[in-house]
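**Q** Handing you a structure now.
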Amino acid sequence: QLQLVESGGGLVQPGGSLRLSCAASGFTLGNYAIAWFRQAPGKEREGVSSISSGGAATNYADSVKGRFTISRDNAENSVYLQMNSLKPEDTAIYYCAASSWYQLVAGSTGEGYAYWGQGTQVTVSS
């Protein structure tokens, strides 16, 4: 069974950090570009960051540039999202998704991503 599983979400104070993980089972994550998306209540899903299959290319939404870092360890079949300097507006459910080709996240709501995880809640609040 092909599956993506996110972990690492939680409640953090503004200015704090979290590291999200996306683990794959049933397929080789290294064959896919991976993106992180998020969806806040009442808002459309938005792309946060993506990374190419080999890890050489990355891109970020303007709202997270300089604060979030995407990385991958294909030997561990995992992708990570390090989130620093978190703000209340980062509160959302975060999803990882796999695509056969590398895509920029700007303006993307997830078209072309074949596999999705179930999401992990990130809440930034004092």
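In the structure tokens, chains take letters A, B, ... by order of appearance, with residues numbered from 1 within each chain and ligands from 1 in the order shown.
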Env of segment 112-115 of chain A: 9 Å cut, atoms = only C-alpha atoms, seq-sep filter 4 positions within chain, self excluded. Answer as a list in words.

**A**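 Everything that qualifies: Leu2, Gln3, Leu4, Ile34, Ala35, Cys96, Ala97, Ala98, Ser99, Ser100, Trp101 and Gln103 of chain A.
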
**Q** How would the residues just chosen look if you wrote them out with N, CA and C atoms as a short mmCIF file (atom, residue, chain, number, x, y, z; two decimals), in the first residue's frame?

**A**
data_model
loop_
_atom_site.label_atom_id
_atom_site.label_comp_id
_atom_site.auth_asym_id
_atom_site.auth_seq_id
_atom_site.Cartn_x
_atom_site.Cartn_y
_atom_site.Cartn_z
N LEU A 2 0.63 2.14 -0.95
CA LEU A 2 1.40 3.36 -1.07
C LEU A 2 0.89 4.37 -0.05
N GLN A 3 1.82 4.90 0.77
CA GLN A 3 1.37 5.76 1.84
C GLN A 3 2.43 6.79 2.20
N LEU A 4 1.97 8.00 2.53
CA LEU A 4 2.81 9.03 3.10
C LEU A 4 2.28 9.33 4.49
N ILE A 34 8.83 16.09 -3.80
CA ILE A 34 7.94 16.17 -2.64
C ILE A 34 7.66 17.63 -2.32
N ALA A 35 6.43 17.89 -1.96
CA ALA A 35 6.05 19.24 -1.54
C ALA A 35 5.32 19.19 -0.22
N CYS A 96 2.20 16.52 3.31
CA CYS A 96 3.22 16.29 2.30
C CYS A 96 2.58 15.54 1.13
N ALA A 97 3.14 15.76 -0.05
CA ALA A 97 2.58 15.18 -1.27
C ALA A 97 3.71 14.85 -2.22
N ALA A 98 3.51 13.81 -3.02
CA ALA A 98 4.52 13.33 -3.96
C ALA A 98 4.06 13.53 -5.39
N SER A 99 5.00 13.97 -6.22
CA SER A 99 4.73 14.19 -7.64
C SER A 99 5.84 13.58 -8.47
N SER A 100 5.49 13.14 -9.68
CA SER A 100 6.50 12.56 -10.57
C SER A 100 7.43 13.61 -11.14
N TRP A 101 7.07 14.89 -11.03
CA TRP A 101 7.95 15.94 -11.53
C TRP A 101 7.99 17.09 -10.52
N GLN A 103 7.81 20.69 -9.12
CA GLN A 103 6.97 21.83 -9.42
C GLN A 103 7.25 22.95 -8.42
#

**Q** Find the residues near Gly119 of chain A: any atom within 7 Å, counting only C-alpha atoms, skip ones fewer than 5 places away on the same chain, and give them as a list in words.

**A**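 Neighbouring residues, sequence-local ones excluded: Glu6, Ile93, Tyr94 and Tyr95 of chain A.
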
**Q** Keeping only C-alpha atoms, write the selected residues to a file as an mmCIF file, in the first residue's frame.

**A**
data_model
loop_
_atom_site.group_PDB
_atom_site.id
_atom_site.type_symbol
_atom_site.label_atom_id
_atom_site.label_comp_id
_atom_site.auth_asym_id
_atom_site.auth_seq_id
_atom_site.Cartn_x
_atom_site.Cartn_y
_atom_site.Cartn_z
ATOM 1 C CA GLU A 6 3.470 13.129 8.357
ATOM 2 C CA ILE A 93 -2.765 21.370 8.873
ATOM 3 C CA TYR A 94 0.413 20.526 6.989
ATOM 4 C CA TYR A 95 0.437 17.861 4.301
#

**Q** If you count only C-alpha atoms, which residues fall within 10 Å of segment 55-68 of chain A, apart from same-chain ones fewer than 4 positions away, as a ChimeraX atom specification?

**A** /A:17-19,30,33-37,46-51,72-74,79,81-87,89-90,102-108

**Q** Just want the 9 Å neighbourhood of Pro88 of chain A, counted on only C-alpha atoms, with same-chain residues fewer than 2 positions away dropped. Output as a PyMOL selection string.

**A** chain A and resi 13-14+86+90-91+123-126

**Q** Mind dumping the selected residues with N, CA and C atoms as an mmCIF file, in the first residue's frame?

**A**
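So result-v4.cif came out as:
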data_model
loop_
_atom_site.group_PDB
_atom_site.id
_atom_site.type_symbol
_atom_site.label_atom_id
_atom_site.label_comp_id
_atom_site.auth_asym_id
_atom_site.auth_seq_id
_atom_site.Cartn_x
_atom_site.Cartn_y
_atom_site.Cartn_z
ATOM 1 N N GLN A 13 4.846 28.116 20.730
ATOM 2 C CA GLN A 13 4.674 29.559 20.921
ATOM 3 C C GLN A 13 5.252 30.322 19.733
ATOM 4 N N PRO A 14 4.751 31.521 19.487
ATOM 5 C CA PRO A 14 5.345 32.345 18.417
ATOM 6 C C PRO A 14 6.841 32.501 18.626
ATOM 7 N N LEU A 86 8.351 30.666 14.003
ATOM 8 C CA LEU A 86 6.945 30.433 13.664
ATOM 9 C C LEU A 86 6.062 31.589 14.100
ATOM 10 N N ASP A 90 1.096 30.823 10.663
ATOM 11 C CA ASP A 90 1.560 29.522 10.170
ATOM 12 C C ASP A 90 0.664 28.381 10.651
ATOM 13 N N THR A 91 -0.275 28.690 11.517
ATOM 14 C CA THR A 91 -1.186 27.669 12.031
ATOM 15 C C THR A 91 -2.012 27.067 10.904
ATOM 16 N N THR A 123 0.014 24.333 15.378
ATOM 17 C CA THR A 123 -0.666 25.456 16.007
ATOM 18 C C THR A 123 0.370 26.349 16.662
ATOM 19 N N VAL A 124 0.368 27.613 16.254
ATOM 20 C CA VAL A 124 1.305 28.586 16.811
ATOM 21 C C VAL A 124 0.495 29.591 17.622
ATOM 22 N N SER A 125 0.659 29.534 18.921
ATOM 23 C CA SER A 125 -0.154 30.361 19.803
ATOM 24 C C SER A 125 0.534 30.526 21.140
ATOM 25 N N SER A 126 0.328 31.695 21.750
ATOM 26 C CA SER A 126 0.864 31.914 23.094
ATOM 27 C C SER A 126 -0.187 31.551 24.142
#

**Q** With a distance cut-off of 8 Å and only C-alpha atoms, select the neighbouring residues of Arg45 of chain A, excluding the residue or stretch itself and same-chain residues fewer than 5 positions from it, and output the selection as a JSON list (two decimals) with C-alpha atoms, in the first residue's frame.

**A**
[["chain", "number", "residue", "atom", "x", "y", "z"],
["A", 37, "PHE", "CA", 1.18, 22.14, 1.58],
["A", 38, "ARG", "CA", -0.89, 23.65, 4.35],
["A", 39, "GLN", "CA", -4.50, 24.50, 4.88],
["A", 40, "ALA", "CA", -5.85, 26.78, 7.56],
["A", 109, "THR", "CA", -3.01, 24.12, -4.58],
["A", 110, "GLY", "CA", -1.78, 20.59, -5.21]]

**Q** Which distance in Å separates atom CA of Ala92 of chain A and atom CA of Pro41 of chain A, to one decimal?

**A** 7.2 Å

**Q** For a test of reading the model, state the distance in Å between atom CA of Ser71 of chain A and atom CA of Ser52 of chain A, rounded to one decimal.

**A** 9.7 Å
